>>> print(open('upload29.cif').read())   # mmCIF, C-alpha atoms
data_upload
loop_
_atom_site.label_atom_id
_atom_site.label_comp_id
_atom_site.auth_asym_id
_atom_site.auth_seq_id
_atom_site.Cartn_x
_atom_site.Cartn_y
_atom_site.Cartn_z
CA MET K 1 10.15 -72.12 -156.14
CA LYS K 2 10.13 -70.39 -152.76
CA ASP K 3 9.23 -73.67 -151.13
CA ILE K 4 12.33 -75.38 -152.52
CA TYR K 5 14.67 -72.80 -151.02
CA HIS K 6 12.81 -73.10 -147.77
CA MET K 7 13.13 -76.87 -147.82
CA LEU K 8 16.82 -77.11 -148.69
CA LYS K 9 19.14 -77.80 -145.79
CA PRO K 10 22.91 -77.22 -145.85
CA TRP K 11 23.78 -80.89 -146.08
CA ASP K 12 21.60 -81.32 -149.17
CA VAL K 13 23.95 -79.08 -151.10
CA ILE K 14 27.13 -80.58 -149.59
CA LEU K 15 25.96 -84.10 -150.31
CA THR K 16 24.94 -83.35 -153.88
CA VAL K 17 28.28 -81.70 -154.65
CA LEU K 18 30.14 -84.64 -153.06
CA LEU K 19 28.19 -87.17 -155.10
CA VAL K 20 28.76 -85.25 -158.33
CA LEU K 21 32.49 -85.18 -157.62
CA LEU K 22 32.36 -88.90 -156.85
CA SER K 23 30.71 -89.60 -160.19
CA PHE K 24 33.64 -87.95 -161.97
CA LEU K 25 36.14 -90.16 -160.12
CA PRO K 26 36.23 -92.95 -162.76
CA ILE K 27 36.99 -90.36 -165.46
CA ALA K 28 39.74 -88.81 -163.35
CA ILE K 29 41.35 -92.21 -162.80
CA PHE K 30 41.01 -93.01 -166.46
CA VAL K 31 42.52 -89.73 -167.66
CA SER K 32 45.49 -90.03 -165.33
CA GLN K 33 46.00 -93.59 -166.53
CA GLN K 34 45.82 -92.54 -170.16
CA SER K 35 48.22 -89.62 -169.78
CA GLN K 36 50.93 -92.04 -168.71
CA TYR K 37 51.15 -93.29 -172.24
CA ALA K 38 49.67 -90.51 -174.31
CA GLU K 39 51.76 -90.80 -177.42
CA GLU K 40 51.22 -89.06 -180.72
CA ASP K 41 51.74 -92.16 -182.79
CA SER K 42 49.42 -94.47 -180.86
CA VAL K 43 46.99 -96.49 -182.92
CA ASN K 44 43.32 -96.77 -181.99
CA VAL K 45 41.94 -100.25 -182.27
CA ALA K 46 38.29 -101.14 -181.80
CA VAL K 47 38.05 -104.44 -179.97
CA ILE K 48 34.73 -106.27 -180.16
CA THR K 49 34.18 -108.85 -177.45
CA VAL K 50 31.25 -111.17 -176.89
CA ASP K 51 30.95 -112.83 -173.50
CA ASN K 52 34.48 -111.62 -172.70
CA GLU K 53 36.02 -113.28 -175.75
CA VAL K 54 37.59 -111.14 -178.47
CA VAL K 55 35.85 -111.79 -181.78
CA GLU K 56 37.12 -108.93 -183.92
CA GLU K 57 39.79 -106.25 -183.82
CA ILE K 58 39.56 -103.32 -186.21
CA GLN K 59 42.20 -100.67 -186.61
CA LEU K 60 40.47 -97.28 -186.67
CA THR K 61 43.41 -94.91 -187.11
CA ASP K 62 43.97 -94.14 -190.81
CA ASN K 63 40.93 -96.20 -191.73
CA MET K 64 39.32 -94.67 -194.82
CA GLU K 65 36.61 -97.14 -195.70
CA THR K 66 33.10 -97.78 -194.51
CA ARG K 67 32.13 -101.33 -193.85
CA GLU K 68 29.66 -103.39 -191.89
CA ILE K 69 30.44 -106.29 -189.61
CA GLU K 70 27.75 -108.66 -188.51
CA ILE K 71 28.25 -110.30 -185.15
CA ALA K 72 25.92 -113.24 -184.69
CA ILE K 73 25.16 -113.90 -181.04
CA SER K 74 22.87 -116.83 -181.71
CA ASP K 75 20.63 -118.05 -184.53
CA HIS K 76 18.27 -115.10 -184.37
CA ASP K 77 20.23 -112.51 -182.36
CA ASN K 78 22.83 -110.32 -183.97
CA ASN K 79 24.47 -106.91 -183.83
CA ILE K 80 25.44 -105.09 -187.00
CA ILE K 81 28.44 -102.89 -186.37
CA GLU K 82 29.46 -100.21 -188.85
CA VAL K 83 32.97 -98.80 -189.14
CA ASP K 84 32.96 -95.35 -190.72
CA ASN K 85 36.47 -93.97 -191.27
CA GLU K 86 37.93 -93.47 -187.78
CA ARG K 87 34.77 -94.07 -185.81
CA ILE K 88 32.52 -97.01 -185.08
CA HIS K 89 28.92 -97.52 -184.05
CA ILE K 90 26.31 -100.22 -183.77
CA LYS K 91 23.97 -99.80 -186.69
CA SER K 92 21.29 -102.19 -185.59
CA ALA K 93 20.77 -104.90 -183.02
CA THR K 94 18.08 -107.35 -182.05
CA CYS K 95 18.38 -106.59 -178.33
CA PRO K 96 15.23 -105.39 -176.56
CA ASP K 97 16.54 -102.12 -175.10
CA GLN K 98 18.51 -100.77 -178.12
CA ILE K 99 20.79 -98.86 -175.76
CA CYS K 100 23.83 -99.91 -177.81
CA VAL K 101 22.33 -98.45 -180.99
CA ARG K 102 21.44 -95.19 -179.29
CA THR K 103 24.93 -94.77 -177.86
CA GLY K 104 26.01 -93.68 -181.33
CA TYR K 105 29.51 -93.22 -182.70
CA ILE K 106 32.64 -93.64 -180.60
CA SER K 107 36.14 -92.75 -181.73
CA ARG K 108 38.40 -91.97 -178.75
CA PRO K 109 40.38 -94.50 -176.69
CA GLY K 110 38.46 -95.66 -173.64
CA GLN K 111 35.01 -95.11 -175.10
CA THR K 112 32.77 -98.14 -175.07
CA ILE K 113 29.51 -99.33 -176.53
CA VAL K 114 27.91 -101.98 -174.38
CA CYS K 115 25.06 -104.25 -175.37
CA LEU K 116 24.28 -105.95 -172.09
CA PRO K 117 21.55 -108.35 -173.30
CA HIS K 118 24.01 -109.79 -175.82
CA LYS K 119 27.08 -109.39 -173.57
CA LEU K 120 28.72 -107.54 -176.42
CA VAL K 121 31.27 -104.80 -175.78
CA VAL K 122 32.94 -102.57 -178.35
CA GLU K 123 35.90 -100.87 -176.74
CA ILE K 124 38.44 -98.55 -178.31
CA GLN K 125 41.91 -99.29 -177.08
CA SER K 126 45.08 -97.37 -177.67
CA ASP K 127 47.45 -99.98 -179.03
CA ARG K 128 50.57 -98.13 -177.99
CA GLY K 129 49.35 -98.05 -174.40
CA GLU K 130 48.69 -101.78 -174.37
CA THR K 131 52.22 -102.70 -175.37
CA GLU K 132 53.78 -100.32 -172.87
CA ASP K 133 51.65 -101.78 -170.16
CA ILE K 134 53.18 -105.18 -170.81
CA ILE K 135 56.69 -103.75 -170.66
CA ILE K 136 56.01 -102.13 -167.32
CA SER K 137 54.58 -105.27 -165.81
CA SER K 138 57.37 -107.56 -167.01
CA MET O 139 0.32 -97.68 -135.27
CA THR O 140 -1.03 -101.11 -134.43
CA ASN O 141 0.56 -104.20 -135.90
CA ASN O 142 -2.26 -104.69 -138.40
CA GLN O 143 -2.18 -101.08 -139.51
CA ARG O 144 1.52 -101.35 -140.05
CA LEU O 145 1.19 -104.52 -142.15
CA VAL O 146 -1.53 -102.99 -144.31
CA TYR O 147 0.49 -99.83 -144.70
CA ILE O 148 3.58 -101.79 -145.84
CA ALA O 149 1.46 -103.75 -148.30
CA LEU O 150 -0.14 -100.56 -149.62
CA LEU O 151 3.19 -98.86 -150.18
CA ALA O 152 4.64 -101.95 -151.85
CA ALA O 153 1.62 -102.27 -154.15
CA GLN O 154 1.82 -98.61 -155.13
CA ALA O 155 5.54 -98.93 -155.79
CA VAL O 156 5.02 -101.97 -158.03
CA ILE O 157 2.29 -100.21 -160.02
CA ILE O 158 4.39 -97.07 -160.33
CA SER O 159 7.39 -98.98 -161.64
CA LEU O 160 5.18 -100.84 -164.13
CA ILE O 161 3.70 -97.57 -165.36
CA GLU O 162 7.16 -96.07 -165.58
CA ARG O 163 8.27 -98.93 -167.77
CA ALA O 164 5.46 -98.09 -170.20
CA ILE O 165 6.55 -94.45 -170.52
CA PRO O 166 9.28 -94.02 -173.11
CA SER O 167 12.39 -92.63 -171.47
CA PRO O 168 12.07 -88.85 -171.24
CA PHE O 169 15.85 -88.46 -171.41
CA ALA O 170 16.37 -89.71 -174.95
CA ILE O 171 19.88 -88.25 -175.11
CA ALA O 172 21.13 -90.43 -172.26
CA PRO O 173 20.36 -94.10 -172.84
CA GLY O 174 19.61 -95.88 -169.60
CA ALA O 175 18.45 -92.82 -167.68
CA LYS O 176 14.91 -92.95 -166.35
CA LEU O 177 12.60 -91.00 -164.09
CA GLY O 178 12.85 -93.20 -161.01
CA LEU O 179 9.26 -92.59 -159.94
CA ALA O 180 9.43 -95.50 -157.50
CA ASN O 181 11.91 -93.41 -155.54
CA ILE O 182 8.91 -91.43 -154.20
CA ILE O 183 7.61 -94.51 -152.44
CA THR O 184 11.03 -95.37 -151.01
CA CYS O 185 11.34 -91.85 -149.62
CA MET O 186 7.86 -91.99 -148.13
CA ALA O 187 8.54 -95.39 -146.58
CA LEU O 188 11.79 -94.17 -145.06
CA TYR O 189 10.10 -91.23 -143.41
CA THR O 190 7.04 -93.04 -142.12
CA LEU O 191 8.28 -96.53 -141.22
CA PRO O 192 11.17 -98.02 -139.26
CA VAL O 193 14.20 -98.94 -141.39
CA LYS O 194 13.38 -102.64 -141.19
CA ASP O 195 9.87 -102.18 -142.59
CA ALA O 196 11.01 -99.70 -145.24
CA SER O 197 13.50 -102.28 -146.51
CA LYS O 198 10.63 -104.77 -146.77
CA VAL O 199 8.75 -102.33 -149.00
CA VAL O 200 11.78 -102.01 -151.29
CA MET O 201 12.37 -105.76 -151.42
CA ILE O 202 8.76 -106.56 -152.25
CA ARG O 203 8.78 -103.91 -154.96
CA ILE O 204 11.91 -105.26 -156.66
CA ILE O 205 10.77 -108.89 -156.57
CA LEU O 206 7.20 -108.21 -157.72
CA ALA O 207 8.23 -105.76 -160.45
CA THR O 208 10.63 -108.39 -161.78
CA LEU O 209 7.99 -111.10 -161.73
CA LEU O 210 5.56 -108.83 -163.56
CA GLY O 211 7.62 -108.37 -166.66
CA GLY O 212 11.32 -108.24 -165.94
CA THR O 213 14.23 -110.50 -166.66
CA ILE O 214 16.92 -111.98 -164.45
CA SER O 215 19.44 -109.44 -165.68
CA SER O 216 17.08 -106.53 -165.08
CA PHE O 217 16.50 -107.97 -161.60
CA MET O 218 20.23 -107.95 -160.94
CA TYR O 219 20.56 -104.32 -161.97
CA SER O 220 17.57 -103.05 -160.07
CA ALA O 221 18.38 -105.12 -156.98
CA ALA O 222 21.96 -103.84 -156.85
CA GLY O 223 20.84 -100.28 -157.46
CA ALA O 224 18.03 -100.48 -154.92
CA ALA O 225 20.18 -102.09 -152.22
CA LEU O 226 22.95 -99.54 -152.57
CA SER O 227 20.59 -96.58 -152.75
CA PHE O 228 18.55 -97.83 -149.78
CA ILE O 229 21.64 -98.21 -147.59
CA GLY O 230 22.83 -94.79 -148.72
CA MET O 231 19.46 -93.15 -148.07
CA CYS O 232 19.24 -94.66 -144.58
CA SER O 233 22.68 -93.49 -143.58
CA VAL O 234 22.15 -90.06 -145.09
CA LYS O 235 18.87 -89.70 -143.24
CA LYS O 236 20.74 -90.39 -139.99
CA LEU O 237 22.17 -86.87 -140.30
CA GLY O 238 18.86 -85.72 -138.90
CA PRO O 239 16.04 -83.50 -140.17
CA SER O 240 17.82 -80.29 -139.15
CA ARG O 241 20.72 -81.04 -141.47
CA ILE O 242 19.18 -82.85 -144.43
CA SER O 243 15.80 -82.67 -146.15
CA LEU O 244 13.95 -85.15 -148.33
CA ILE O 245 15.54 -83.62 -151.42
CA GLY O 246 19.03 -84.57 -150.25
CA VAL O 247 17.93 -88.07 -149.31
CA SER O 248 16.23 -88.55 -152.66
CA VAL O 249 19.18 -87.21 -154.68
CA ALA O 250 21.58 -89.46 -152.78
CA GLY O 251 19.30 -92.41 -153.49
CA ALA O 252 19.08 -91.60 -157.21
CA ILE O 253 22.83 -91.27 -157.71
CA LEU O 254 23.67 -94.35 -155.64
CA HIS O 255 21.11 -96.29 -157.67
CA ASN O 256 23.02 -95.34 -160.81
CA ILE O 257 26.34 -96.29 -159.23
CA GLY O 258 25.00 -99.69 -158.19
CA GLN O 259 23.58 -100.42 -161.63
CA LEU O 260 26.70 -99.35 -163.47
CA THR O 261 28.89 -101.41 -161.15
CA ILE O 262 26.86 -104.51 -162.02
CA ALA O 263 26.94 -103.53 -165.70
CA SER O 264 30.71 -103.19 -165.67
CA TRP O 265 30.96 -106.51 -163.87
CA VAL O 266 28.78 -108.21 -166.50
CA ALA O 267 30.66 -106.58 -169.36
CA GLN O 268 34.01 -107.25 -167.60
CA THR O 269 35.28 -103.76 -168.32
CA TRP O 270 35.24 -100.96 -165.80
CA THR O 271 35.24 -98.31 -168.56
CA VAL O 272 31.43 -98.56 -168.38
CA LEU O 273 31.75 -96.44 -165.24
CA LEU O 274 32.93 -93.52 -167.40
CA TYR O 275 29.26 -93.08 -168.25
CA LEU O 276 28.49 -92.23 -164.62
CA PRO O 277 28.59 -88.39 -164.84
CA VAL O 278 25.88 -88.35 -167.52
CA LEU O 279 23.63 -90.63 -165.50
CA SER O 280 24.21 -88.84 -162.21
CA PHE O 281 23.39 -85.49 -163.82
CA PHE O 282 19.95 -86.80 -164.73
CA GLY O 283 19.86 -88.58 -161.38
CA ILE O 284 20.20 -85.25 -159.59
CA LEU O 285 17.41 -83.69 -161.66
CA SER O 286 15.00 -86.54 -161.10
CA GLY O 287 16.12 -86.88 -157.47
CA ILE O 288 15.20 -83.26 -156.73
CA ALA O 289 11.86 -83.66 -158.48
CA MET O 290 11.02 -86.90 -156.67
CA GLY O 291 12.13 -85.47 -153.32
CA MET O 292 9.77 -82.54 -153.78
CA VAL O 293 6.89 -84.80 -154.75
CA ALA O 294 7.48 -87.03 -151.73
CA ASN O 295 7.74 -84.03 -149.46
CA TYR O 296 4.50 -82.62 -150.83
CA LEU O 297 2.74 -85.94 -150.27
CA LEU O 298 4.09 -86.31 -146.74
CA ASN O 299 2.92 -82.82 -145.80
CA HIS O 300 -0.46 -82.84 -147.49
CA VAL O 301 -1.83 -86.36 -147.13
CA GLU O 302 -3.16 -86.33 -143.61
CA GLN O 303 -2.50 -89.96 -142.77
CA LEU O 304 1.07 -89.85 -144.04
CA HIS O 305 1.68 -86.70 -142.06
CA TYR O 306 0.40 -88.47 -138.96
CA TYR O 307 2.60 -91.53 -139.53
CA ARG O 308 5.59 -89.31 -140.05
CA SER O 309 5.06 -87.49 -136.78
CA LEU O 310 4.65 -90.87 -135.05
CA GLN O 311 7.92 -92.01 -136.58
CA GLU O 312 9.76 -88.86 -135.54
CA MET O 313 8.37 -89.05 -132.01
CA LYS O 314 9.86 -92.50 -131.59
CA TYR O 315 13.33 -91.14 -132.20
CA THR O 316 13.16 -88.38 -129.60
CA PRO O 317 14.19 -89.97 -126.28
CA LEU O 318 11.27 -90.29 -123.89
CA ASN O 319 13.14 -89.12 -120.82
CA GLN O 320 13.68 -85.77 -122.47
CA VAL O 321 9.95 -85.20 -122.70
CA SER O 322 9.20 -85.90 -119.05
#
>>> encode(input="upload29.cif", output="structure tokens")
Amino acid sequence: MKDIYHMLKPWDVILTVLLVLLSFLPIAIFVSQQSQYAEEDSVNVAVITVDNEVVEEIQLTDNMETREIEIAISDHDNNIIEVDNERIHIKSATCPDQICVRTGYISRPGQTIVCLPHKLVVEIQSDRGETEDIIISS
Amino acid sequence: MTNNQRLVYIALLAAQAVIISLIERAIPSPFAIAPGAKLGLANIITCMALYTLPVKDASKVVMIRIILATLLGGTISSFMYSAAGAALSFIGMCSVKKLGPSRISLIGVSVAGAILHNIGQLTIASWVAQTWTVLLYLPVLSFFGILSGIAMGMVANYLLNHVEQLHYYRSLQEMKYTPLNQVS
């Protein structure tokens, strides 16, 4: 351990702190964007897209049931997505890395599950925010 | 270093880097809680190359590693991620190293490389997925990036100090950067 302290130079610490702050930048932008339309009555909708095309939209807020949705990518590739009350996860997938399965449940707006080999994205959007966005831009 | 020595040295480093990244692929990810995070063992070789070779030759080592590792069991998409990550982290490491040995050590260079690698990969991932919310995952990855970056920096530093030939190459490399007219 003594060697590490001996090795460290001032800029090591400065640089590490800077890079950590930089890695929080996307979250900061996202939070400030969200707070613009943080409404109590917003509705969370899980949007499932494959290759940038929306295939399924599921309303999560006030959802009380558990159900499975199978998204077929091709003849032998699929993702099985499970909606459990107000949260959603990928139950199983035929992709090689299984990163999407290990991501686990998501429930808050802005959270995503990405399955890159299948180009599948599950994103939770706040429906209230979407409509307001359109009003602002028009 | 003669021209032949330099060529053999580049080839040796590249071969080691390829083998290391193949071995790393066989190890199940030690950070099971963070999908996508990995050790980044090949970072050791990049650090060593940066400190013992000119920038141009070090970039050759990195390029050979990426291409060969992809050919030996990667896919086009994995090539895109690793190439973007490696390019960004290599540029970052070079510019960070320019601060000079009195200001920054191998640990800083290695940590910068690890985090920039993550940034590069996630940028490509968010481009492929067409949603920039993928970048929200960055803090998790960069936390593990810092840990592995410190570890790899220490390993590379240990190797550079204790393997005689590497130590010699490093001193050669550092001599080249001190202006000759100052010595005389």
>>> resolve_selection(input="upload29.cif", expression="the PyMOL selection byres ((chain K) within 9 of (chain O))", output="MDAnalysis selection string")
chainID K and resid 4 7:13 15:16 19:27 30 50:52 97:100 102:103 110:117 119:121 123
>>> closest_residue(input="upload29.cif", among="O:Gln303, O:Ser159, O:Ser286, O:Ser220", to="O:Tyr147", atoms="all atoms listed in the file")
O:Gln303
>>> axis_aligned_box(input="upload29.cif", around="stretch 91-104 of chain K", padding_each_side="5 Å", output="JSON")
{"center_x": 20.6, "center_y": -100.5, "center_z": -180.9, "size_x": 20.8, "size_y": 23.7, "size_z": 21.6}
>>> atom_distance(input="upload29.cif", atom1="atom CA of O:Ile204", atom2="atom CA of O:Ser167")
19.5 Å
>>> residues_around(input="upload29.cif", residues="K:Asn78", least_positions_apart="4", cutoff="10 Å", atoms="all atoms listed in the file", output="ChimeraX atom specification")
/K:70-74,92-95,118,120
>>> residues_around(input="upload29.cif", residues="K:Arg87", least_positions_apart="2", cutoff="6 Å", atoms="all atoms listed in the file", output="VMD selection string")
chain K and resid 84 to 85 106 to 107
>>> write_last_selection(input="upload29.cif", atoms="C-alpha atoms", output="short mmCIF file (atom, residue, chain, number, x, y, z; two decimals), keeping the file's coordinate frame")
data_model
loop_
_atom_site.label_atom_id
_atom_site.label_comp_id
_atom_site.auth_asym_id
_atom_site.auth_seq_id
_atom_site.Cartn_x
_atom_site.Cartn_y
_atom_site.Cartn_z
CA ASP K 84 32.96 -95.35 -190.72
CA ASN K 85 36.47 -93.97 -191.27
CA ILE K 106 32.64 -93.64 -180.60
CA SER K 107 36.14 -92.75 -181.73
#
>>> atom_distance(input="upload29.cif", atom1="atom CA of O:Ile158", atom2="atom CA of O:Leu177")
10.9 Å
>>> atom_distance(input="upload29.cif", atom1="atom CA of O:Ala196", atom2="atom CA of O:Ile214")
23.6 Å
>>> closest_residue(input="upload29.cif", among="O:Met218, O:Ile202, O:Cys185, O:Ala224", to="O:Ile262", atoms="only C-alpha atoms")
O:Met218
>>> resolve_selection(input="upload29.cif", expression="the PyMOL selection byres ((chain O and resi 211) around 12)", output="list of chain:residue names")
O:Val156, O:Ile157, O:Ser159, O:Leu160, O:Ile161, O:Arg163, O:Ala164, O:Ile204, O:Ile205, O:Leu206, O:Ala207, O:Thr208, O:Leu209, O:Leu210, O:Gly212, O:Thr213, O:Ile214, O:Ser215, O:Ser216, O:Phe217
>>> write_last_selection(input="upload29.cif", atoms="C-alpha atoms", output="CSV table (one decimal), keeping the file's coordinate frame")
chain,number,residue,atom,x,y,z
O,156,VAL,CA,5.0,-102.0,-158.0
O,157,ILE,CA,2.3,-100.2,-160.0
O,159,SER,CA,7.4,-99.0,-161.6
O,160,LEU,CA,5.2,-100.8,-164.1
O,161,ILE,CA,3.7,-97.6,-165.4
O,163,ARG,CA,8.3,-98.9,-167.8
O,164,ALA,CA,5.5,-98.1,-170.2
O,204,ILE,CA,11.9,-105.3,-156.7
O,205,ILE,CA,10.8,-108.9,-156.6
O,206,LEU,CA,7.2,-108.2,-157.7
O,207,ALA,CA,8.2,-105.8,-160.4
O,208,THR,CA,10.6,-108.4,-161.8
O,209,LEU,CA,8.0,-111.1,-161.7
O,210,LEU,CA,5.6,-108.8,-163.6
O,212,GLY,CA,11.3,-108.2,-165.9
O,213,THR,CA,14.2,-110.5,-166.7
O,214,ILE,CA,16.9,-112.0,-164.4
O,215,SER,CA,19.4,-109.4,-165.7
O,216,SER,CA,17.1,-106.5,-165.1
O,217,PHE,CA,16.5,-108.0,-161.6
>>> resolve_selection(input="upload29.cif", expression="the PyMOL selection byres ((chain O and resi 186) around 12)", output="PDB file with C-alpha atoms, keeping the file's coordinate frame")
ATOM      1  CA  TYR O 147       0.490 -99.830-144.700  1.00  0.00           C
ATOM      2  CA  ILE O 148       3.580-101.790-145.840  1.00  0.00           C
ATOM      3  CA  LEU O 150      -0.140-100.560-149.620  1.00  0.00           C
ATOM      4  CA  LEU O 151       3.190 -98.860-150.180  1.00  0.00           C
ATOM      5  CA  ALA O 152       4.640-101.950-151.850  1.00  0.00           C
ATOM      6  CA  GLN O 154       1.820 -98.610-155.130  1.00  0.00           C
ATOM      7  CA  ALA O 155       5.540 -98.930-155.790  1.00  0.00           C
ATOM      8  CA  LEU O 179       9.260 -92.590-159.940  1.00  0.00           C
ATOM      9  CA  ALA O 180       9.430 -95.500-157.500  1.00  0.00           C
ATOM     10  CA  ASN O 181      11.910 -93.410-155.540  1.00  0.00           C
ATOM     11  CA  ILE O 182       8.910 -91.430-154.200  1.00  0.00           C
ATOM     12  CA  ILE O 183       7.610 -94.510-152.440  1.00  0.00           C
ATOM     13  CA  THR O 184      11.030 -95.370-151.010  1.00  0.00           C
ATOM     14  CA  CYS O 185      11.340 -91.850-149.620  1.00  0.00           C
ATOM     15  CA  ALA O 187       8.540 -95.390-146.580  1.00  0.00           C
ATOM     16  CA  LEU O 188      11.790 -94.170-145.060  1.00  0.00           C
ATOM     17  CA  TYR O 189      10.100 -91.230-143.410  1.00  0.00           C
ATOM     18  CA  THR O 190       7.040 -93.040-142.120  1.00  0.00           C
ATOM     19  CA  LEU O 191       8.280 -96.530-141.220  1.00  0.00           C
ATOM     20  CA  PRO O 192      11.170 -98.020-139.260  1.00  0.00           C
ATOM     21  CA  VAL O 193      14.200 -98.940-141.390  1.00  0.00           C
ATOM     22  CA  ASP O 195       9.870-102.180-142.590  1.00  0.00           C
ATOM     23  CA  ALA O 196      11.010 -99.700-145.240  1.00  0.00           C
ATOM     24  CA  SER O 197      13.500-102.280-146.510  1.00  0.00           C
ATOM     25  CA  VAL O 199       8.750-102.330-149.000  1.00  0.00           C
ATOM     26  CA  VAL O 200      11.780-102.010-151.290  1.00  0.00           C
ATOM     27  CA  MET O 231      19.460 -93.150-148.070  1.00  0.00           C
ATOM     28  CA  LEU O 244      13.950 -85.150-148.330  1.00  0.00           C
ATOM     29  CA  ILE O 245      15.540 -83.620-151.420  1.00  0.00           C
ATOM     30  CA  VAL O 247      17.930 -88.070-149.310  1.00  0.00           C
ATOM     31  CA  SER O 248      16.230 -88.550-152.660  1.00  0.00           C
ATOM     32  CA  MET O 290      11.020 -86.900-156.670  1.00  0.00           C
ATOM     33  CA  GLY O 291      12.130 -85.470-153.320  1.00  0.00           C
ATOM     34  CA  MET O 292       9.770 -82.540-153.780  1.00  0.00           C
ATOM     35  CA  VAL O 293       6.890 -84.800-154.750  1.00  0.00           C
ATOM     36  CA  ALA O 294       7.480 -87.030-151.730  1.00  0.00           C
ATOM     37  CA  ASN O 295       7.740 -84.030-149.460  1.00  0.00           C
ATOM     38  CA  TYR O 296       4.500 -82.620-150.830  1.00  0.00           C
ATOM     39  CA  LEU O 297       2.740 -85.940-150.270  1.00  0.00           C
ATOM     40  CA  LEU O 298       4.090 -86.310-146.740  1.00  0.00           C
ATOM     41  CA  ASN O 299       2.920 -82.820-145.800  1.00  0.00           C
ATOM     42  CA  VAL O 301      -1.830 -86.360-147.130  1.00  0.00           C
ATOM     43  CA  GLN O 303      -2.500 -89.960-142.770  1.00  0.00           C
ATOM     44  CA  LEU O 304       1.070 -89.850-144.040  1.00  0.00           C
ATOM     45  CA  HIS O 305       1.680 -86.700-142.060  1.00  0.00           C
ATOM     46  CA  TYR O 307       2.600 -91.530-139.530  1.00  0.00           C
ATOM     47  CA  ARG O 308       5.590 -89.310-140.050  1.00  0.00           C
ATOM     48  CA  GLN O 311       7.920 -92.010-136.580  1.00  0.00           C
TER      49      GLN O 311
END
